[in-house]
Amino acid sequence: MGVLEGKTALVTGGSRGIGRAIAERLARDGALVAVAYGSNAAAAGETVGAIEAAGGRAFAVGAELGVEGGAEALWAAYAAHPLATEGGGGVDVLVNNAGGATFAGIGSTDEQTYDRVHALNAKAPFFVIRHGLERLRDGGRIVNVTGTPDIALPAILATVMAKGAVNALTVSLAAELAPRNITVNSVGPGIVETDLNAAWLADPAARAHAASRSVFDRLGTPQEVADVVAFLASPDSRWVTGQHLAVTGGLQLSLL
């Protein structure tokens, strides 16, 4: 029996890349997984199919985040699904993974771009949690997939700011939800080999440089991030809250 047997998890951005790896891992641990997606219903269906083929249980929930009313629409779609109502409509694990990087430094970031980046990467997780609190069961888990706050990344400055805001949210929310025995933590992936990074990693020089940033001299995999999220979603993490775990392969370390 998996450590999440009888539990329900919702993973935003769960149809591709890191989100898909998280959904598959939580399902492997026994959870019924709601794979939340923004626009790619086919990818979400593939993720659900892969989970079911491996003996797990999952269903897809579609709602665009980063737009007005998106978080409410997500929970409405979740509540309407028969598999969600089967378990009383509650959620035990909420993973805020949906997001995206916009490559623009401060000089090329206008107000429209800034607002769009923050709507998806900071505002959306806030309101997904806000509107999901009544469904999140006591003793539950919130895991926010954010960024690496101690690394300078001027090329995606607005994105870094937004991810940092969610790291701050994690700390304060952990204190607020402690009376309900709900833990809140964040995970910061390093450079991970996903389809979203495929274009720039196709350049051999860029790939070699990216790999060299880790002390292991390689790129991370979505599964390696998912394994850490799985720990934070499990009963084993019950004494860990308000923490940020850097899943970067030692990206912050320097070698003499």
# chains A, B, ... in the order shown; residues from 1 in each chain; ligands from 1
$ residues_around --residues "range 101-113 of chain A" --least-positions-apart "6" --cutoff "6 Å" --atoms "only C-alpha atoms" --output "list in words"
Pro154, Ala155, Ile156, Leu157 and Thr159 of chain A
$ write_last_selection --atoms "N, CA and C atoms" --output "short mmCIF file (atom, residue, chain, number, x, y, z; two decimals), in the first residue's frame"
data_model
loop_
_atom_site.label_atom_id
_atom_site.label_comp_id
_atom_site.auth_asym_id
_atom_site.auth_seq_id
_atom_site.Cartn_x
_atom_site.Cartn_y
_atom_site.Cartn_z
N PRO A 154 19.06 37.67 -13.97
CA PRO A 154 18.53 38.92 -14.53
C PRO A 154 17.80 38.74 -15.86
N ALA A 155 18.04 37.65 -16.57
CA ALA A 155 17.39 37.44 -17.87
C ALA A 155 15.91 37.13 -17.74
N ILE A 156 15.48 36.71 -16.55
CA ILE A 156 14.04 36.43 -16.32
C ILE A 156 13.61 37.15 -15.03
N LEU A 157 13.95 38.42 -14.94
CA LEU A 157 13.84 39.16 -13.69
C LEU A 157 12.43 39.18 -13.12
N THR A 159 10.02 37.13 -13.63
CA THR A 159 9.66 35.77 -13.21
C THR A 159 10.29 35.43 -11.87
#
$ closest_atom_pairs --of "range 175-243 of chain A" --to "range 2-16 of chain A" --cutoff "10 Å" --atoms "only C-alpha atoms" --output "tab-separated table"
residue	atom	partner	partner_atom	distance
A:Thr194	CA	A:Arg16	CA	8.3
A:Asp195	CA	A:Arg16	CA	8.0
A:Leu196	CA	A:Arg16	CA	9.0
A:Pro222	CA	A:Arg16	CA	9.6
A:Ala230	CA	A:Leu4	CA	9.4
A:Phe231	CA	A:Val3	CA	9.9
A:Ala233	CA	A:Leu4	CA	8.2
A:Ser234	CA	A:Val3	CA	6.5
A:Pro235	CA	A:Val3	CA	7.3
A:Asp236	CA	A:Val3	CA	9.1
$ write_last_selection --atoms "N, CA, C and O atoms" --output "CSV table (one decimal), in the first residue's frame"
chain,number,residue,atom,x,y,z
A,194,THR,N,13.3,19.5,-19.6
A,194,THR,CA,11.9,19.4,-20.0
A,194,THR,C,11.6,19.9,-21.4
A,194,THR,O,12.5,20.5,-22.0
A,195,ASP,N,10.4,19.7,-21.9
A,195,ASP,CA,10.2,20.1,-23.2
A,195,ASP,C,10.2,21.7,-23.3
A,195,ASP,O,10.5,22.2,-24.4
A,196,LEU,N,9.9,22.4,-22.2
A,196,LEU,CA,9.9,23.8,-22.2
A,196,LEU,C,11.3,24.4,-22.3
A,196,LEU,O,11.5,25.5,-22.8
A,222,PRO,N,12.8,15.8,-14.4
A,222,PRO,CA,11.6,16.0,-13.7
A,222,PRO,C,11.3,15.1,-12.6
A,222,PRO,O,10.7,15.4,-11.6
A,230,ALA,N,7.2,14.5,-3.6
A,230,ALA,CA,6.5,13.4,-3.0
A,230,ALA,C,6.9,13.2,-1.5
A,230,ALA,O,6.0,12.9,-0.7
A,231,PHE,N,8.1,13.5,-1.1
A,231,PHE,CA,8.5,13.5,0.3
A,231,PHE,C,7.6,14.5,1.1
A,231,PHE,O,7.1,14.3,2.1
A,233,ALA,N,4.8,15.7,0.3
A,233,ALA,CA,3.4,15.3,0.3
A,233,ALA,C,3.1,14.2,1.3
A,233,ALA,O,2.0,13.9,1.5
A,234,SER,N,4.2,13.5,1.7
A,234,SER,CA,4.0,12.3,2.5
A,234,SER,C,3.9,12.5,4.0
A,234,SER,O,4.3,13.6,4.5
A,235,PRO,N,3.5,11.5,4.7
A,235,PRO,CA,3.4,11.6,6.2
A,235,PRO,C,4.8,11.9,6.8
A,235,PRO,O,5.0,12.4,7.9
A,236,ASP,N,5.9,11.4,6.1
A,236,ASP,CA,7.3,11.6,6.6
A,236,ASP,C,7.7,13.0,6.8
A,236,ASP,O,8.6,13.3,7.5
$ residues_around --residues "Asn181 in chain A" --least-positions-apart "6" --cutoff "8 Å" --atoms "only C-alpha atoms" --output "VMD selection string"
chain A and resid 138 to 140
$ write_last_selection --atoms "C-alpha atoms" --output "mmCIF file, in the first residue's frame"
data_model
loop_
_atom_site.group_PDB
_atom_site.id
_atom_site.type_symbol
_atom_site.label_atom_id
_atom_site.label_comp_id
_atom_site.auth_asym_id
_atom_site.auth_seq_id
_atom_site.Cartn_x
_atom_site.Cartn_y
_atom_site.Cartn_z
ATOM 1 C CA ASP A 138 -6.801 19.135 8.051
ATOM 2 C CA GLY A 139 -3.415 17.434 8.115
ATOM 3 C CA GLY A 140 -2.972 18.189 4.431
#
$ closest_atom_pairs --of "range 167-230 of chain A" --to "range 79-100 of chain A" --cutoff "10 Å" --atoms "only C-alpha atoms" --output "Markdown table"
| residue | atom | partner | partner_atom | distance |
| --- | --- | --- | --- | --- |
| A:Ile182 | CA | A:Asp92 | CA | 9.2 |
| A:Thr183 | CA | A:Val93 | CA | 9.8 |
| A:Val184 | CA | A:Leu94 | CA | 9.5 |
| A:Asn185 | CA | A:Val95 | CA | 9.9 |
| A:Ser186 | CA | A:Asn96 | CA | 9.2 |
| A:Val187 | CA | A:Asn97 | CA | 9.6 |
| A:Leu196 | CA | A:Gly100 | CA | 8.8 |
| A:Val229 | CA | A:Val95 | CA | 8.3 |
| A:Ala230 | CA | A:Val93 | CA | 9.9 |
$ select_by_dssp --residues "range 27-256 of chain A" --states "strand (DSSP E or B)" --output "PyMOL selection string"
chain A and resi 32-37+57-62+91-96+104+136-145+156+183-189+192+220+244-247
$ write_last_selection --atoms "N, CA and C atoms" --output "short mmCIF file (atom, residue, chain, number, x, y, z; two decimals), in the first residue's frame"
data_model
loop_
_atom_site.label_atom_id
_atom_site.label_comp_id
_atom_site.auth_asym_id
_atom_site.auth_seq_id
_atom_site.Cartn_x
_atom_site.Cartn_y
_atom_site.Cartn_z
N LEU A 32 -5.24 9.49 -5.49
CA LEU A 32 -6.07 9.84 -6.64
C LEU A 32 -5.63 11.23 -7.05
N VAL A 33 -5.21 11.41 -8.31
CA VAL A 33 -4.59 12.67 -8.73
C VAL A 33 -5.47 13.42 -9.73
N ALA A 34 -5.75 14.68 -9.40
CA ALA A 34 -6.41 15.58 -10.35
C ALA A 34 -5.31 16.31 -11.11
N VAL A 35 -5.23 16.04 -12.40
CA VAL A 35 -4.22 16.65 -13.27
C VAL A 35 -4.80 17.93 -13.84
N ALA A 36 -4.42 19.07 -13.29
CA ALA A 36 -4.97 20.35 -13.73
C ALA A 36 -4.14 20.90 -14.87
N TYR A 37 -4.81 21.37 -15.92
CA TYR A 37 -4.11 21.90 -17.09
C TYR A 37 -4.78 23.20 -17.53
N ARG A 57 -4.80 6.02 -10.31
CA ARG A 57 -6.09 6.66 -10.58
C ARG A 57 -5.87 8.16 -10.75
N ALA A 58 -6.49 8.71 -11.80
CA ALA A 58 -6.32 10.14 -12.08
C ALA A 58 -7.46 10.63 -12.95
N PHE A 59 -7.63 11.94 -12.96
CA PHE A 59 -8.59 12.57 -13.88
C PHE A 59 -8.08 13.97 -14.20
N ALA A 60 -8.52 14.49 -15.34
CA ALA A 60 -8.06 15.80 -15.79
C ALA A 60 -9.07 16.89 -15.43
N VAL A 61 -8.54 18.06 -15.10
CA VAL A 61 -9.36 19.23 -14.76
C VAL A 61 -8.81 20.42 -15.52
N GLY A 62 -9.62 21.05 -16.34
CA GLY A 62 -9.15 22.15 -17.16
C GLY A 62 -9.61 23.50 -16.67
N VAL A 91 -9.44 17.61 -0.66
CA VAL A 91 -8.09 17.44 -1.19
C VAL A 91 -7.12 17.32 -0.02
N ASP A 92 -6.18 16.41 -0.13
CA ASP A 92 -5.17 16.21 0.91
C ASP A 92 -3.83 16.83 0.54
N VAL A 93 -3.54 16.89 -0.76
CA VAL A 93 -2.26 17.42 -1.24
C VAL A 93 -2.54 18.39 -2.38
N LEU A 94 -2.06 19.63 -2.23
CA LEU A 94 -2.19 20.63 -3.29
C LEU A 94 -0.80 21.04 -3.73
N VAL A 95 -0.51 20.80 -5.01
CA VAL A 95 0.80 21.18 -5.57
C VAL A 95 0.59 22.30 -6.58
N ASN A 96 1.12 23.47 -6.26
CA ASN A 96 1.08 24.61 -7.18
C ASN A 96 2.32 24.56 -8.06
N ALA A 104 13.11 38.25 -20.19
CA ALA A 104 13.17 39.70 -20.37
C ALA A 104 13.85 40.30 -19.16
N LEU A 136 -9.29 21.78 1.34
CA LEU A 136 -8.07 21.15 1.84
C LEU A 136 -8.33 20.59 3.24
N ARG A 137 -8.13 19.31 3.37
CA ARG A 137 -8.41 18.65 4.65
C ARG A 137 -7.35 18.97 5.69
N ASP A 138 -7.75 18.97 6.96
CA ASP A 138 -6.80 19.13 8.05
C ASP A 138 -5.75 18.03 7.96
N GLY A 139 -4.50 18.39 8.26
CA GLY A 139 -3.42 17.43 8.11
C GLY A 139 -2.89 17.34 6.70
N GLY A 140 -3.35 18.24 5.84
CA GLY A 140 -2.97 18.19 4.43
C GLY A 140 -1.61 18.80 4.15
N ARG A 141 -1.29 18.85 2.87
CA ARG A 141 0.01 19.34 2.42
C ARG A 141 -0.18 20.33 1.27
N ILE A 142 0.56 21.44 1.33
CA ILE A 142 0.66 22.37 0.20
C ILE A 142 2.13 22.42 -0.20
N VAL A 143 2.40 22.19 -1.47
CA VAL A 143 3.77 22.27 -1.98
C VAL A 143 3.76 23.25 -3.16
N ASN A 144 4.55 24.30 -3.07
CA ASN A 144 4.66 25.29 -4.13
C ASN A 144 5.97 25.09 -4.89
N VAL A 145 5.86 24.87 -6.19
CA VAL A 145 7.06 24.74 -7.02
C VAL A 145 7.42 26.15 -7.50
N ILE A 156 15.48 36.71 -16.55
CA ILE A 156 14.04 36.43 -16.32
C ILE A 156 13.61 37.15 -15.03
N THR A 183 0.91 21.41 6.46
CA THR A 183 2.26 21.91 6.20
C THR A 183 2.29 22.62 4.85
N VAL A 184 3.14 23.64 4.76
CA VAL A 184 3.29 24.42 3.53
C VAL A 184 4.79 24.57 3.26
N ASN A 185 5.23 24.08 2.13
CA ASN A 185 6.65 24.15 1.77
C ASN A 185 6.79 24.50 0.30
N SER A 186 7.99 24.91 -0.09
CA SER A 186 8.25 25.19 -1.50
C SER A 186 9.48 24.43 -1.97
N VAL A 187 9.50 24.19 -3.26
CA VAL A 187 10.59 23.46 -3.92
C VAL A 187 11.09 24.31 -5.08
N GLY A 188 12.40 24.46 -5.17
CA GLY A 188 12.98 25.24 -6.25
C GLY A 188 13.82 24.39 -7.17
N PRO A 189 13.30 24.01 -8.34
CA PRO A 189 14.09 23.21 -9.28
C PRO A 189 15.24 24.04 -9.86
N VAL A 192 16.33 21.93 -15.41
CA VAL A 192 15.74 20.60 -15.58
C VAL A 192 15.46 20.36 -17.06
N GLY A 220 19.16 18.32 -14.36
CA GLY A 220 18.22 17.59 -13.53
C GLY A 220 17.12 16.96 -14.38
N HIS A 244 11.97 26.08 2.25
CA HIS A 244 12.24 26.05 0.81
C HIS A 244 13.35 25.05 0.56
N LEU A 245 13.07 24.04 -0.26
CA LEU A 245 14.08 23.03 -0.59
C LEU A 245 14.59 23.27 -2.01
N ALA A 246 15.87 23.54 -2.13
CA ALA A 246 16.49 23.76 -3.44
C ALA A 246 16.81 22.42 -4.07
N VAL A 247 16.16 22.11 -5.17
CA VAL A 247 16.38 20.82 -5.87
C VAL A 247 17.15 21.16 -7.14
#
$ select_by_dssp --residues "range 18-80 of chain A" --states "alpha helix (DSSP H)" --output "JSON, numbers by chain"
{"A": [18, 19, 20, 21, 22, 23, 24, 25, 26, 27, 28, 41, 42, 43, 44, 45, 46, 47, 48, 49, 50, 51, 52, 53, 70, 71, 72, 73, 74, 75, 76, 77, 78, 79, 80]}
$ closest_atom_pairs --of "range 121-217 of chain A" --to "range 71-77 of chain A" --cutoff "7 Å" --atoms "only C-alpha atoms" --output "Markdown table"
| residue | atom | partner | partner_atom | distance |
| --- | --- | --- | --- | --- |
| A:Ala124 | CA | A:Ala71 | CA | 6.5 |
| A:Phe127 | CA | A:Ala71 | CA | 5.8 |
| A:Val128 | CA | A:Ala71 | CA | 4.9 |
| A:His131 | CA | A:Glu72 | CA | 6.3 |
| A:Gly132 | CA | A:Trp75 | CA | 6.8 |
$ atom_distance --atom1 "CA of Leu251 in chain A" --atom2 "CA of His209 in chain A"
11.9 Å
